[in-house]
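The block underneath contains the structure these notes are about, expressed in structure tokens.
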Amino acid sequence: MSGIVGRPGPVRLEPGEKVRRLAPARDARWEWIDVTGLDGRPEYVRGACRHLTPAEVRSVVTDELLAYLCPDCDAQLPAA
Ligand SMILES: [Zn+2]
């Protein structure tokens, strides 16, 4: 008797089968600039921060919203 047959496992590629390489996962918090490298492969350069998760900065005394701080790039963003 052989061992376990038909057990699901990782997808195997046939020899010579090419995997289409996707662009590397890019951090959504930043803009990425598509630049093609000298060898023709796509490369991405991190661009401006998108300030996706600004943290409120409030006055301790009046609870007035003073500004936002972006934890990704430490930029201070205007409250209004
Ligand atoms: Zn930012």
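Chain labels run A, B, ... following the order of the structure tokens; each chain numbers its residues from 1, and ligands are numbered from 1 in the order shown.
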Residues flagged strand (DSSP E) by DSSP in stretch 17-60 of chain A, as an NGL selection string: :A and (30-36 or 42-49 or 55-58)
Please, which residues have at least one atom within 9 Å of an atom of ligand 1, using only C-alpha atoms and all ligand atoms, listed as a CSV table (one decimal) with all heavy atoms, in the first residue's frame?
```csv
chain,number,residue,atom,x,y,z
A,29,ARG,N,0.0,53.4,2.0
A,29,ARG,CA,0.0,54.7,2.7
A,29,ARG,C,0.8,55.8,1.9
A,29,ARG,O,0.7,57.0,2.2
A,29,ARG,CB,0.7,54.6,4.1
A,29,ARG,CG,-0.1,53.8,5.0
A,29,ARG,CD,0.7,53.5,6.3
A,29,ARG,NE,1.9,52.8,6.0
A,29,ARG,CZ,2.8,52.5,7.0
A,29,ARG,NH1,2.7,52.9,8.2
A,29,ARG,NH2,3.9,51.8,6.6
A,30,TRP,N,1.5,55.3,0.9
A,30,TRP,CA,2.3,56.3,0.1
A,30,TRP,C,2.0,56.2,-1.4
A,30,TRP,O,1.5,55.2,-1.8
A,30,TRP,CB,3.8,55.9,0.3
A,30,TRP,CG,4.3,55.8,1.7
A,30,TRP,CD1,4.1,54.7,2.5
A,30,TRP,CD2,4.9,56.7,2.5
A,30,TRP,NE1,4.6,54.9,3.7
A,30,TRP,CE2,5.1,56.2,3.8
A,30,TRP,CE3,5.3,58.1,2.3
A,30,TRP,CZ2,5.7,56.9,4.8
A,30,TRP,CZ3,5.9,58.8,3.3
A,30,TRP,CH2,6.1,58.2,4.5
A,48,ALA,N,5.0,60.8,-2.4
A,48,ALA,CA,4.4,61.5,-1.3
A,48,ALA,C,3.6,60.7,-0.4
A,48,ALA,O,2.9,59.7,-0.9
A,48,ALA,CB,3.6,62.7,-1.9
A,49,CYS,N,3.5,61.0,0.8
A,49,CYS,CA,2.7,60.3,1.8
A,49,CYS,C,1.2,60.7,1.5
A,49,CYS,O,0.9,61.9,1.2
A,49,CYS,CB,3.1,60.8,3.2
A,49,CYS,SG,2.1,60.0,4.5
A,50,ARG,N,0.3,59.8,1.7
A,50,ARG,CA,-1.1,60.0,1.4
A,50,ARG,C,-1.8,60.5,2.7
A,50,ARG,O,-3.0,60.8,2.7
A,50,ARG,CB,-1.8,58.8,0.8
A,50,ARG,CG,-1.4,58.5,-0.6
A,50,ARG,CD,-2.1,57.3,-1.1
A,50,ARG,NE,-1.9,57.2,-2.6
A,50,ARG,CZ,-1.7,56.0,-3.2
A,50,ARG,NH1,-1.7,54.9,-2.5
A,50,ARG,NH2,-1.5,55.9,-4.5
A,51,HIS,N,-1.1,60.4,3.8
A,51,HIS,CA,-1.7,60.8,5.1
A,51,HIS,C,-3.0,60.1,5.3
A,51,HIS,O,-4.1,60.8,5.6
A,51,HIS,CB,-1.9,62.3,5.2
A,51,HIS,CG,-0.7,63.1,4.7
A,51,HIS,ND1,0.5,62.9,5.2
A,51,HIS,CD2,-0.6,64.2,3.8
A,51,HIS,CE1,1.4,63.8,4.6
A,51,HIS,NE2,0.7,64.6,3.8
A,52,LEU,N,-3.0,58.8,5.2
A,52,LEU,CA,-4.3,58.1,5.3
A,52,LEU,C,-4.8,58.0,6.7
A,52,LEU,O,-6.0,57.8,6.9
A,52,LEU,CB,-4.1,56.6,4.8
A,52,LEU,CG,-3.8,56.5,3.3
A,52,LEU,CD1,-3.8,55.1,2.9
A,52,LEU,CD2,-5.0,57.2,2.5
A,53,THR,N,-4.0,58.0,7.7
A,53,THR,CA,-4.4,57.8,9.1
A,53,THR,C,-4.0,58.9,10.0
A,53,THR,O,-3.3,58.7,10.9
A,53,THR,CB,-3.9,56.5,9.6
A,53,THR,OG1,-2.5,56.5,9.6
A,53,THR,CG2,-4.5,55.3,8.9
A,54,PRO,N,-4.5,60.1,9.7
A,54,PRO,CA,-4.1,61.3,10.5
A,54,PRO,C,-4.7,61.1,11.9
A,54,PRO,O,-5.8,60.7,12.1
A,54,PRO,CB,-4.6,62.5,9.8
A,54,PRO,CG,-5.8,61.9,9.0
A,54,PRO,CD,-5.4,60.5,8.6
A,69,LEU,N,-1.9,65.0,12.9
A,69,LEU,CA,-0.6,64.6,12.8
A,69,LEU,C,-0.6,63.3,12.0
A,69,LEU,O,-1.3,62.3,12.3
A,69,LEU,CB,0.1,64.3,14.1
A,69,LEU,CG,0.9,65.5,14.7
A,69,LEU,CD1,1.5,65.0,16.0
A,69,LEU,CD2,2.0,66.0,13.8
A,70,CYS,N,0.2,63.2,11.0
A,70,CYS,CA,0.3,61.9,10.2
A,70,CYS,C,1.4,61.0,10.9
A,70,CYS,O,2.5,61.4,10.9
A,70,CYS,CB,0.7,62.2,8.8
A,70,CYS,SG,0.9,60.7,7.8
A,71,PRO,N,1.0,59.9,11.3
A,71,PRO,CA,2.0,59.0,12.0
A,71,PRO,C,3.0,58.4,11.0
A,71,PRO,O,4.0,57.9,11.5
A,71,PRO,CB,1.1,57.9,12.7
A,71,PRO,CG,-0.1,57.9,11.8
A,71,PRO,CD,-0.4,59.3,11.3
A,72,ASP,N,2.6,58.4,9.8
A,72,ASP,CA,3.5,57.8,8.8
A,72,ASP,C,4.7,58.7,8.4
A,72,ASP,O,5.8,58.2,8.2
A,72,ASP,CB,2.8,57.4,7.5
A,72,ASP,CG,1.7,56.4,7.8
A,72,ASP,OD1,1.9,55.5,8.7
A,72,ASP,OD2,0.6,56.5,7.2
A,73,CYS,N,4.5,60.0,8.3
A,73,CYS,CA,5.5,60.9,7.9
A,73,CYS,C,5.8,62.0,8.9
A,73,CYS,O,6.6,62.9,8.6
A,73,CYS,CB,5.2,61.4,6.5
A,73,CYS,SG,3.8,62.6,6.5
A,74,ASP,N,5.0,62.0,10.0
A,74,ASP,CA,5.2,63.0,11.0
A,74,ASP,C,4.8,64.4,10.5
A,74,ASP,O,5.2,65.4,11.1
A,74,ASP,CB,6.6,63.1,11.6
A,74,ASP,CG,6.9,61.8,12.4
A,74,ASP,OD1,5.9,61.3,13.0
A,74,ASP,OD2,8.0,61.4,12.5
A,75,ALA,N,4.0,64.5,9.4
A,75,ALA,CA,3.6,65.8,9.0
A,75,ALA,C,2.5,66.3,9.8
A,75,ALA,O,1.6,65.6,10.2
A,75,ALA,CB,3.2,65.7,7.5
A,76,GLN,N,2.5,67.6,10.0
A,76,GLN,CA,1.3,68.2,10.7
A,76,GLN,C,0.4,68.8,9.6
A,76,GLN,O,0.8,69.5,8.8
A,76,GLN,CB,1.8,69.3,11.6
A,76,GLN,CG,0.6,70.0,12.4
A,76,GLN,CD,1.1,71.0,13.5
A,76,GLN,OE1,2.1,70.7,14.2
A,76,GLN,NE2,0.4,72.1,13.6
A,77,LEU,N,-0.9,68.4,9.7
A,77,LEU,CA,-1.8,68.7,8.7
A,77,LEU,C,-2.8,69.7,9.3
A,77,LEU,O,-3.2,69.6,10.5
A,77,LEU,CB,-2.6,67.5,8.2
A,77,LEU,CG,-1.7,66.3,7.8
A,77,LEU,CD1,-2.5,65.1,7.6
A,77,LEU,CD2,-0.9,66.7,6.6
```
Using only C-alpha atoms, which protein or nucleic acid residues come within 9 Å of A:Pro78? Drop anything in the same chain fewer than 6 positions from it, and give the result as a PDB file with C-alpha atoms, in the first residue's frame.
```
ATOM      1  CA  LEU A  66      -6.074  71.988  16.500  1.00  0.00           C
ATOM      2  CA  ALA A  67      -4.482  69.942  13.779  1.00  0.00           C
ATOM      3  CA  TYR A  68      -3.787  66.446  12.548  1.00  0.00           C
ATOM      4  CA  LEU A  69      -0.565  64.571  12.760  1.00  0.00           C
TER       5      LEU A  69
END
```
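Taking atom CA of A:Glu56 and atom CA of A:Glu31 as endpoints, the distance between them is 22.3 Å.
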